[in-house]
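Just run23.cif here, mmCIF, C-alpha atoms:
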```cif
data_structure
#
loop_
_atom_site.label_atom_id
_atom_site.label_comp_id
_atom_site.auth_asym_id
_atom_site.auth_seq_id
_atom_site.Cartn_x
_atom_site.Cartn_y
_atom_site.Cartn_z
CA MET A 76 -26.22 19.45 176.29
CA GLN A 77 -28.25 16.24 176.20
CA ARG A 78 -30.63 14.33 178.42
CA LYS A 79 -32.94 11.34 178.20
CA PHE A 80 -36.59 11.59 179.21
CA SER A 81 -39.10 8.88 179.99
CA ARG A 82 -42.22 8.61 177.84
CA SER A 83 -44.51 10.70 180.04
CA PHE A 84 -46.12 14.11 179.70
CA ASP A 85 -44.93 14.73 183.26
CA GLU A 86 -41.44 15.06 181.78
CA LEU A 87 -42.43 18.32 180.06
CA LYS A 88 -41.50 20.39 183.11
CA HIS A 89 -38.08 18.77 183.20
CA ILE A 90 -37.60 19.41 179.49
CA VAL A 91 -38.48 23.08 180.04
CA ALA A 92 -35.93 23.20 182.86
CA MET A 93 -33.30 21.82 180.49
CA THR A 94 -34.16 24.47 177.89
CA VAL A 95 -34.01 27.27 180.47
CA ASP A 96 -30.60 26.00 181.59
CA PHE A 97 -29.31 25.87 178.02
CA PHE A 98 -30.57 29.36 177.19
CA GLU A 99 -28.90 30.79 180.29
CA LYS A 100 -25.58 29.07 179.65
CA GLN A 101 -25.53 30.09 175.99
CA ASP A 102 -26.91 33.58 176.70
CA LEU A 103 -29.56 33.14 174.01
CA GLU A 104 -32.34 35.59 173.24
CA PRO A 105 -35.13 34.72 175.75
CA THR A 106 -37.87 35.56 173.24
CA LEU A 107 -36.84 32.48 171.21
CA ARG A 108 -37.67 30.18 174.09
CA ASN A 109 -41.44 29.98 173.60
CA VAL A 110 -40.99 28.74 170.03
CA VAL A 111 -38.33 26.23 171.15
CA ASP A 112 -40.51 25.02 174.03
CA LEU A 113 -43.50 24.62 171.73
CA ALA A 114 -41.57 22.72 169.05
CA ILE A 115 -39.98 20.36 171.58
CA GLU A 116 -43.31 19.72 173.33
CA GLU A 117 -45.22 19.01 170.14
CA LEU A 118 -42.56 16.61 168.81
CA PHE A 119 -42.06 14.91 172.19
CA VAL A 120 -45.81 14.49 172.76
CA ASN A 121 -46.18 13.13 169.25
CA MET A 122 -43.48 10.51 169.92
CA VAL A 123 -44.99 9.52 173.28
CA THR A 124 -48.51 9.31 171.84
CA TYR A 125 -47.85 7.46 168.61
CA ASN A 126 -44.59 5.51 169.08
CA THR A 127 -46.17 3.10 171.51
CA GLU A 128 -44.20 0.05 170.37
CA THR A 129 -41.14 1.07 172.44
CA SER A 130 -40.50 1.90 176.09
CA ASP A 131 -37.06 3.44 175.49
CA ASP A 132 -36.38 6.94 176.77
CA ILE A 133 -36.38 9.81 174.28
CA LEU A 134 -33.05 11.61 173.86
CA ILE A 135 -33.08 15.41 173.55
CA GLN A 136 -29.92 17.21 172.44
CA MET A 137 -29.37 20.98 172.28
CA SER A 138 -26.48 22.83 170.67
CA PRO A 139 -25.83 26.45 169.69
CA HIS A 140 -26.56 27.48 166.11
CA ASP A 141 -25.39 30.98 165.07
CA HIS A 142 -27.55 33.20 167.31
CA GLY A 143 -30.05 30.46 168.09
CA ILE A 144 -30.37 26.80 168.90
CA GLU A 145 -30.40 23.40 167.20
CA VAL A 146 -32.49 20.73 168.91
CA SER A 147 -32.70 17.01 168.15
CA LEU A 148 -35.15 14.44 169.49
CA THR A 149 -34.20 10.79 168.98
CA ASP A 150 -36.57 7.87 169.46
CA ASN A 151 -35.34 4.26 169.22
CA ASP A 152 -37.03 1.11 167.93
CA VAL A 153 -39.94 2.89 166.25
CA GLU A 154 -41.58 3.12 162.83
CA ARG A 155 -40.63 5.86 160.41
CA PHE A 156 -42.56 9.12 160.83
CA ASP A 157 -41.37 12.23 159.05
CA PRO A 158 -43.13 15.25 160.62
CA ARG A 159 -42.47 17.29 157.48
CA GLY A 160 -45.18 15.22 155.80
CA ALA A 161 -47.87 16.16 158.32
CA GLY A 162 -51.14 17.02 156.66
CA PRO A 163 -52.29 20.61 156.22
CA VAL A 164 -54.68 22.30 158.63
CA ASP A 165 -57.42 24.53 157.27
CA ILE A 166 -57.06 27.44 159.67
CA ASP A 167 -59.76 29.33 157.77
CA ALA A 168 -62.38 26.66 158.39
CA PRO A 169 -65.48 27.75 160.30
CA LEU A 170 -65.85 26.77 163.95
CA ASP A 171 -68.20 23.87 163.20
CA ASP A 172 -65.53 22.26 161.03
CA ARG A 173 -62.63 22.73 163.47
CA THR A 174 -61.74 19.85 165.78
CA PRO A 175 -59.26 19.69 168.67
CA GLY A 176 -56.02 18.04 167.60
CA GLY A 177 -53.91 18.13 164.48
CA LEU A 178 -52.45 21.55 165.14
CA GLY A 179 -49.23 20.51 166.87
CA LEU A 180 -47.01 19.53 163.94
CA TYR A 181 -48.58 22.27 161.82
CA LEU A 182 -47.41 24.86 164.37
CA VAL A 183 -43.93 23.33 164.50
CA LEU A 184 -43.56 23.50 160.72
CA LYS A 185 -44.81 27.10 160.69
CA MET A 186 -42.66 28.39 163.54
CA VAL A 187 -39.20 26.78 163.33
CA ASP A 188 -36.64 28.04 160.83
CA SER A 189 -35.74 24.60 159.49
CA ILE A 190 -36.46 20.97 160.27
CA HIS A 191 -34.63 17.79 159.24
CA TYR A 192 -35.52 14.12 159.55
CA GLU A 193 -33.35 10.98 159.66
CA TYR A 194 -34.47 7.36 159.96
CA ARG A 195 -31.95 4.54 160.23
CA ASN A 196 -32.05 1.11 161.91
CA ARG A 197 -35.46 1.91 163.42
CA GLN A 198 -34.06 5.06 165.00
CA SER A 199 -36.10 8.20 164.31
CA LYS A 200 -34.31 11.53 164.70
CA ILE A 201 -35.92 14.94 164.22
CA THR A 202 -33.71 18.03 164.22
CA PHE A 203 -34.92 21.61 164.09
CA ILE A 204 -33.32 25.04 164.23
CA VAL A 205 -34.71 28.21 165.78
CA ASP A 206 -32.55 31.27 165.18
CA ARG A 207 -32.84 34.97 165.84
CA LYS A 208 -35.22 36.39 163.24
CA MET B 230 -46.86 25.70 187.05
CA PHE B 231 -50.45 26.06 185.89
CA ASP B 232 -53.58 27.34 187.58
CA ILE B 233 -57.13 28.12 186.54
CA GLN B 234 -59.75 29.64 188.84
CA PHE B 235 -62.58 32.13 189.03
CA ALA B 236 -61.22 35.65 189.56
CA ASP B 237 -64.63 37.26 189.41
CA ASP B 238 -68.21 36.21 188.75
CA ASP B 239 -67.78 36.02 184.99
CA ILE B 240 -64.00 36.03 184.64
CA ILE B 241 -61.72 33.02 184.86
CA ALA B 242 -58.01 33.64 185.41
CA VAL B 243 -55.58 31.31 183.66
CA GLU B 244 -51.98 31.35 184.84
CA GLY B 245 -48.72 29.67 183.92
CA ARG B 246 -48.07 27.07 181.23
CA LEU B 247 -50.99 25.33 179.52
CA ASP B 248 -49.21 22.32 178.02
CA ALA B 249 -50.08 18.68 177.38
CA ALA B 250 -49.44 17.83 181.04
CA GLN B 251 -51.96 20.45 182.24
CA ALA B 252 -54.62 20.14 179.53
CA LEU B 253 -56.75 17.69 181.53
CA LYS B 254 -56.81 20.02 184.56
CA ALA B 255 -57.91 22.92 182.35
CA GLN B 256 -60.51 20.83 180.52
CA THR B 257 -61.96 19.45 183.76
CA PHE B 258 -62.39 22.98 185.11
CA LEU B 259 -63.85 24.44 181.92
CA ASP B 260 -66.27 21.52 181.48
CA GLN B 261 -68.10 22.88 184.55
CA VAL B 262 -68.57 26.35 183.05
CA GLU B 263 -71.87 27.39 181.52
CA GLY B 264 -73.07 30.53 179.72
CA ARG B 265 -70.88 33.41 178.62
CA CYS B 266 -67.32 32.98 179.79
CA VAL B 267 -64.35 35.37 179.81
CA LEU B 268 -60.82 33.99 180.19
CA ASP B 269 -58.23 36.44 181.50
CA LEU B 270 -54.95 35.27 179.93
CA SER B 271 -52.76 38.07 181.33
CA LYS B 272 -50.73 35.55 183.34
CA LEU B 273 -50.74 32.77 180.76
CA GLU B 274 -47.09 32.38 179.75
CA TYR B 275 -47.33 29.56 177.26
CA VAL B 276 -49.85 27.47 175.35
CA SER B 277 -49.29 24.43 173.13
CA SER B 278 -51.66 22.62 170.78
CA ALA B 279 -52.99 20.61 173.74
CA GLY B 280 -54.10 23.86 175.38
CA LEU B 281 -55.54 25.15 172.12
CA GLY B 282 -57.60 21.98 171.92
CA VAL B 283 -59.05 22.68 175.37
CA LEU B 284 -60.03 26.21 174.36
CA LEU B 285 -61.55 25.05 171.08
CA LYS B 286 -63.56 22.23 172.65
CA THR B 287 -64.92 24.55 175.35
CA HIS B 288 -65.71 27.32 172.86
CA LYS B 289 -67.65 24.93 170.60
CA ARG B 290 -69.65 23.59 173.54
CA LEU B 291 -70.54 27.07 174.78
CA MET B 292 -71.31 28.34 171.28
CA GLY B 293 -73.79 25.51 171.00
CA GLY B 294 -75.74 27.25 173.74
CA GLY B 295 -75.40 30.66 172.07
CA ASN B 296 -72.47 31.84 174.18
CA GLY B 297 -68.76 31.15 173.82
CA LEU B 298 -65.35 32.05 175.18
CA LYS B 299 -63.93 35.57 175.16
CA LEU B 300 -60.15 35.75 175.60
CA ILE B 301 -58.79 38.93 177.19
CA ASN B 302 -55.34 40.33 178.04
CA VAL B 303 -53.66 38.10 175.48
CA ASN B 304 -49.89 38.69 175.32
CA HIS B 305 -47.92 39.01 172.09
CA HIS B 306 -46.58 35.46 171.97
CA ILE B 307 -49.93 33.82 172.75
CA HIS B 308 -51.58 36.09 170.19
CA ASP B 309 -49.09 34.87 167.57
CA ILE B 310 -50.02 31.26 168.36
CA PHE B 311 -53.71 32.13 168.00
CA GLY B 312 -52.93 33.75 164.66
CA TYR B 313 -50.99 30.76 163.32
CA SER B 314 -53.84 28.50 164.45
CA GLY B 315 -56.63 30.59 162.95
CA PHE B 316 -58.08 31.07 166.42
CA ASP B 317 -58.13 34.83 165.87
CA LYS B 318 -60.99 34.17 163.45
CA LEU B 319 -62.91 31.90 165.83
CA PHE B 320 -62.68 33.69 169.18
CA GLU B 321 -63.31 37.20 170.42
CA ILE B 322 -59.78 38.19 171.47
CA VAL B 323 -58.66 41.31 173.32
CA PRO B 324 -54.85 41.76 173.28
CA ALA B 325 -52.99 42.87 176.40
CA GLY B 326 -52.86 46.65 176.73
CA ASP B 327 -56.12 47.29 174.87
#
```
Show me this structure written as structure tokens.
Amino acid sequence: MQRKFSRSFDELKHIVAMTVDFFEKQDLEPTLRNVVDLAIEELFVNMVTYNTETSDDILIQMSPHDHGIEVSLTDNDVERFDPRGAGPVDIDAPLDDRTPGGLGLYLVLKMVDSIHYEYRNRQSKITFIVDRK
Amino acid sequence: MFDIQFADDDIIAVEGRLDAAQALKAQTFLDQVEGRCVLDLSKLEYVSSAGLGVLLKTHKRLMGGGNGLKLINVNHHIHDIFGYSGFDKLFEIVPAGD
């Protein structure tokens, strides 16, 4: 299953609808959905926020993987950004030292089972897998 | 779907999905809150980092006045997110069922 989405946070509800549809058709464990939704949102929002040099739609592809799901997000005509290199977050820092932001990619890296990055001809493709634990 | 409103004098009910598209609505509402504040998250289905940022910003503002946010009826999934984020060390959290 694949669909293209415009570069707007308003698309998040349509992305969730796509995920719900995929989970139903593949009869996947519903408890995996929150992790999948979170990973897709954080990666999509990151692309929309920081890849401002393009107006192309973002392609999201979903396919079954064992008892879970493999998801890819592809962004065209952008600079290289490998989310696996996102900086650490000090989750033990006291309140005064915590600032909003910076948690999104950290959560993705903590919660998905694996994540892969490809960059070719200015096309950035992030693929992650969430499987039954 | 996302909604935030006063359920009682001191309790604010948060419902639905607090994602990047709804963060501004949540922040606008919580910016009006003063003093001790309790958020009932029993109907919150989902929160992303954008929603966590709203909670953190509000908590820091209220803590500056000697108060803060208390989060009650937190479901298992949301509690996991708070744990991964270190929010369980920053907020007073009451899990659902307690």
Open item on the list: Show me the residues close to (-33.0, 11.9, 159.5) - anything with an atom within 12 Å, counting only C-alpha atoms - and format the list as a list in words.
Closed with: Ser147, Leu148, Thr149, Asp150, Arg155, Phe156, Asp157, Pro158, Arg159, Ile190, His191, Tyr192, Glu193, Tyr194, Arg195, Asn196, Arg197, Gln198, Ser199, Lys200, Ile201, Thr202 and Phe203 of chain A
Task: Nearest to chain A by atom-to-atom distance, counting only C-alpha atoms, from B:Val323, B:Val283, B:Ala255, B:Ala236 - done: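 Nearest to chain A: B:Val283.
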Report as CSV the residues of chain A within 8 Å of chain B, each with its shortest atom pair and distance in Å (one decimal), using all atoms listed in the file, ordered by chain and increasing residue number.
```
residue,atom,partner,partner_atom,distance
A:Phe84,CA,B:Ala250,CA,5.2
A:Asp85,CA,B:Ala250,CA,5.9
A:Leu87,CA,B:Ala250,CA,7.1
A:Asn109,CA,B:Tyr275,CA,6.9
A:Leu113,CA,B:Ser277,CA,6.0
A:Glu116,CA,B:Ser277,CA,7.6
A:Glu117,CA,B:Ser277,CA,7.4
A:Val120,CA,B:Ala249,CA,7.6
A:Ile166,CA,B:Gly315,CA,4.6
A:Asp167,CA,B:Gly315,CA,6.2
A:Pro169,CA,B:Leu319,CA,7.4
A:Leu170,CA,B:Leu319,CA,6.2
A:Asp171,CA,B:Lys289,CA,7.5
A:Thr174,CA,B:Leu285,CA,7.4
A:Pro175,CA,B:Gly282,CA,4.3
A:Gly176,CA,B:Gly282,CA,6.1
A:Leu178,CA,B:Ser278,CA,5.8
A:Gly179,CA,B:Ser278,CA,5.1
A:Leu182,CA,B:Tyr313,CA,7.0
A:Lys185,CA,B:Tyr313,CA,7.6
```
- [ ] Just give me the gap between atom CA of A:His89 and atom CA of A:Gly160 in Å, one decimal is fine.
- [x]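 Interatomic distance, atom CA of A:His89 to atom CA of A:Gly160: 28.5 Å.
Near B:Ile241, within a cut-off of 7 Å and counting only C-alpha atoms, sit the residues Ile233, Gln234, Phe235, Ala236, Asp237, Val267, Leu268 and Asp269 of chain B, with same-chain residues fewer than 3 positions away left out.
For the pair atom CA of A:Gln136 and atom CA of A:Glu154, the interatomic distance is 20.7 Å.
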Task: Option closest in space to B:Val303, from B:Asp232, B:Val262, B:Val243, B:Thr287 [counting all atoms listed in the file] - done: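 Among B:Asp232, B:Val262, B:Val243, B:Thr287, it is B:Val243 that comes nearest to B:Val303.
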Output file request: chain A, with C-alpha atoms, as a CSV table (one decimal), in the first residue's frame.
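Now in result.csv:
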```
chain,number,residue,atom,x,y,z
A,76,MET,CA,0.0,0.0,0.0
A,77,GLN,CA,1.4,3.4,-0.8
A,78,ARG,CA,0.1,7.0,-0.9
A,79,LYS,CA,1.6,10.5,-1.4
A,80,PHE,CA,0.9,13.3,1.1
A,81,SER,CA,1.4,17.0,0.8
A,82,ARG,CA,3.8,18.8,3.1
A,83,SER,CA,1.3,19.7,5.8
A,84,PHE,CA,0.6,18.7,9.4
A,85,ASP,CA,-3.1,18.5,8.4
A,86,GLU,CA,-2.1,15.3,6.5
A,87,LEU,CA,-1.5,13.5,9.7
A,88,LYS,CA,-5.1,12.4,10.0
A,89,HIS,CA,-5.0,11.0,6.5
A,90,ILE,CA,-1.8,9.2,7.3
A,91,VAL,CA,-3.5,7.6,10.4
A,92,ALA,CA,-6.4,6.6,8.2
A,93,MET,CA,-4.0,4.8,5.8
A,94,THR,CA,-2.3,3.0,8.7
A,95,VAL,CA,-5.7,1.9,10.2
A,96,ASP,CA,-6.7,0.6,6.7
A,97,PHE,CA,-3.4,-1.3,6.4
A,98,PHE,CA,-3.7,-2.8,9.8
A,99,GLU,CA,-7.2,-4.0,9.1
A,100,LYS,CA,-6.4,-5.5,5.8
A,101,GLN,CA,-3.3,-7.3,7.1
A,102,ASP,CA,-5.0,-8.3,10.4
A,103,LEU,CA,-2.0,-6.9,12.3
A,104,GLU,CA,-1.8,-6.7,16.1
A,105,PRO,CA,-3.6,-3.4,17.0
A,106,THR,CA,-1.3,-2.7,19.9
A,107,LEU,CA,1.6,-2.1,17.4
A,108,ARG,CA,-0.3,0.8,15.8
A,109,ASN,CA,0.6,3.5,18.4
A,110,VAL,CA,4.3,2.9,17.8
A,111,VAL,CA,3.8,2.9,14.0
A,112,ASP,CA,1.7,6.1,14.2
A,113,LEU,CA,4.3,7.8,16.3
A,114,ALA,CA,7.3,6.8,14.1
A,115,ILE,CA,5.5,7.9,10.9
A,116,GLU,CA,4.4,11.2,12.5
A,117,GLU,CA,7.9,12.1,13.9
A,118,LEU,CA,9.6,11.3,10.6
A,119,PHE,CA,7.0,13.0,8.4
A,120,VAL,CA,7.0,16.1,10.6
A,121,ASN,CA,10.8,16.2,10.5
A,122,MET,CA,10.7,16.1,6.7
A,123,VAL,CA,8.0,18.8,6.5
A,124,THR,CA,9.8,21.0,9.0
A,125,TYR,CA,13.4,20.8,7.8
A,126,ASN,CA,13.3,19.8,4.1
A,127,THR,CA,11.9,23.2,3.1
A,128,GLU,CA,13.8,23.3,-0.2
A,129,THR,CA,11.2,21.1,-2.0
A,130,SER,CA,7.5,21.2,-2.5
A,131,ASP,CA,7.2,17.6,-3.7
A,132,ASP,CA,4.7,15.3,-1.9
A,133,ILE,CA,6.1,12.7,0.6
A,134,LEU,CA,5.6,9.1,-0.4
A,135,ILE,CA,4.6,6.6,2.4
A,136,GLN,CA,4.7,2.9,1.6
A,137,MET,CA,3.6,0.1,3.9
A,138,SER,CA,4.2,-3.6,3.5
A,139,PRO,CA,3.8,-6.7,5.8
A,140,HIS,CA,6.9,-7.9,7.6
A,141,ASP,CA,6.6,-11.2,9.5
A,142,HIS,CA,4.0,-10.4,12.2
A,143,GLY,CA,4.5,-6.6,11.8
A,144,ILE,CA,4.9,-3.9,9.3
A,145,GLU,CA,7.7,-2.2,7.2
A,146,VAL,CA,7.2,1.5,6.5
A,147,SER,CA,9.1,3.7,4.2
A,148,LEU,CA,9.0,7.5,3.8
A,149,THR,CA,10.5,9.0,0.7
A,150,ASP,CA,11.3,12.7,0.2
A,151,ASN,CA,12.6,14.0,-3.2
A,152,ASP,CA,15.0,16.8,-4.0
A,153,VAL,CA,16.3,17.2,-0.5
A,154,GLU,CA,19.6,17.2,1.4
A,155,ARG,CA,20.9,14.1,3.1
A,156,PHE,CA,19.6,13.6,6.7
A,157,ASP,CA,20.1,10.2,8.3
A,158,PRO,CA,17.8,10.1,11.4
A,159,ARG,CA,20.0,7.4,12.9
A,160,GLY,CA,22.6,10.1,13.6
A,161,ALA,CA,20.2,12.2,15.7
A,162,GLY,CA,21.8,13.5,18.8
A,163,PRO,CA,21.1,12.0,22.2
A,164,VAL,CA,18.6,13.3,24.7
A,165,ASP,CA,19.4,13.5,28.4
A,166,ILE,CA,16.1,12.1,29.7
A,167,ASP,CA,17.6,12.3,33.3
A,168,ALA,CA,18.1,16.0,33.1
A,169,PRO,CA,16.3,18.1,35.7
A,170,LEU,CA,13.2,20.1,34.6
A,171,ASP,CA,15.1,23.4,34.3
A,172,ASP,CA,17.4,21.9,31.7
A,173,ARG,CA,14.7,20.2,29.6
A,174,THR,CA,13.4,22.1,26.6
A,175,PRO,CA,10.5,21.3,24.3
A,176,GLY,CA,11.7,19.7,21.0
A,177,GLY,CA,14.4,17.2,20.2
A,178,LEU,CA,12.5,14.1,21.5
A,179,GLY,CA,10.9,13.0,18.2
A,180,LEU,CA,13.7,11.2,16.5
A,181,TYR,CA,14.9,9.9,19.9
A,182,LEU,CA,11.6,8.2,20.5
A,183,VAL,CA,11.6,6.7,17.0
A,184,LEU,CA,15.1,5.2,17.5
A,185,LYS,CA,14.0,3.8,20.9
A,186,MET,CA,10.7,2.3,19.8
A,187,VAL,CA,11.1,0.8,16.3
A,188,ASP,CA,12.7,-2.6,15.9
A,189,SER,CA,15.0,-1.4,13.1
A,190,ILE,CA,15.6,1.6,10.9
A,191,HIS,CA,17.4,2.0,7.6
A,192,TYR,CA,18.4,5.0,5.5
A,193,GLU,CA,19.1,5.5,1.8
A,194,TYR,CA,20.2,8.6,0.0
A,195,ARG,CA,20.6,8.7,-3.8
A,196,ASN,CA,20.2,11.4,-6.4
A,197,ARG,CA,18.8,13.8,-3.8
A,198,GLN,CA,16.2,11.3,-2.8
A,199,SER,CA,16.0,10.6,1.0
A,200,LYS,CA,14.3,7.3,2.0
A,201,ILE,CA,13.8,6.2,5.6
A,202,THR,CA,12.6,2.6,6.2
A,203,PHE,CA,11.6,1.2,9.6
A,204,ILE,CA,10.2,-2.0,10.9
A,205,VAL,CA,7.8,-2.6,13.8
A,206,ASP,CA,7.2,-6.2,14.6
A,207,ARG,CA,5.4,-8.1,17.3
A,208,LYS,CA,7.6,-8.1,20.4
```
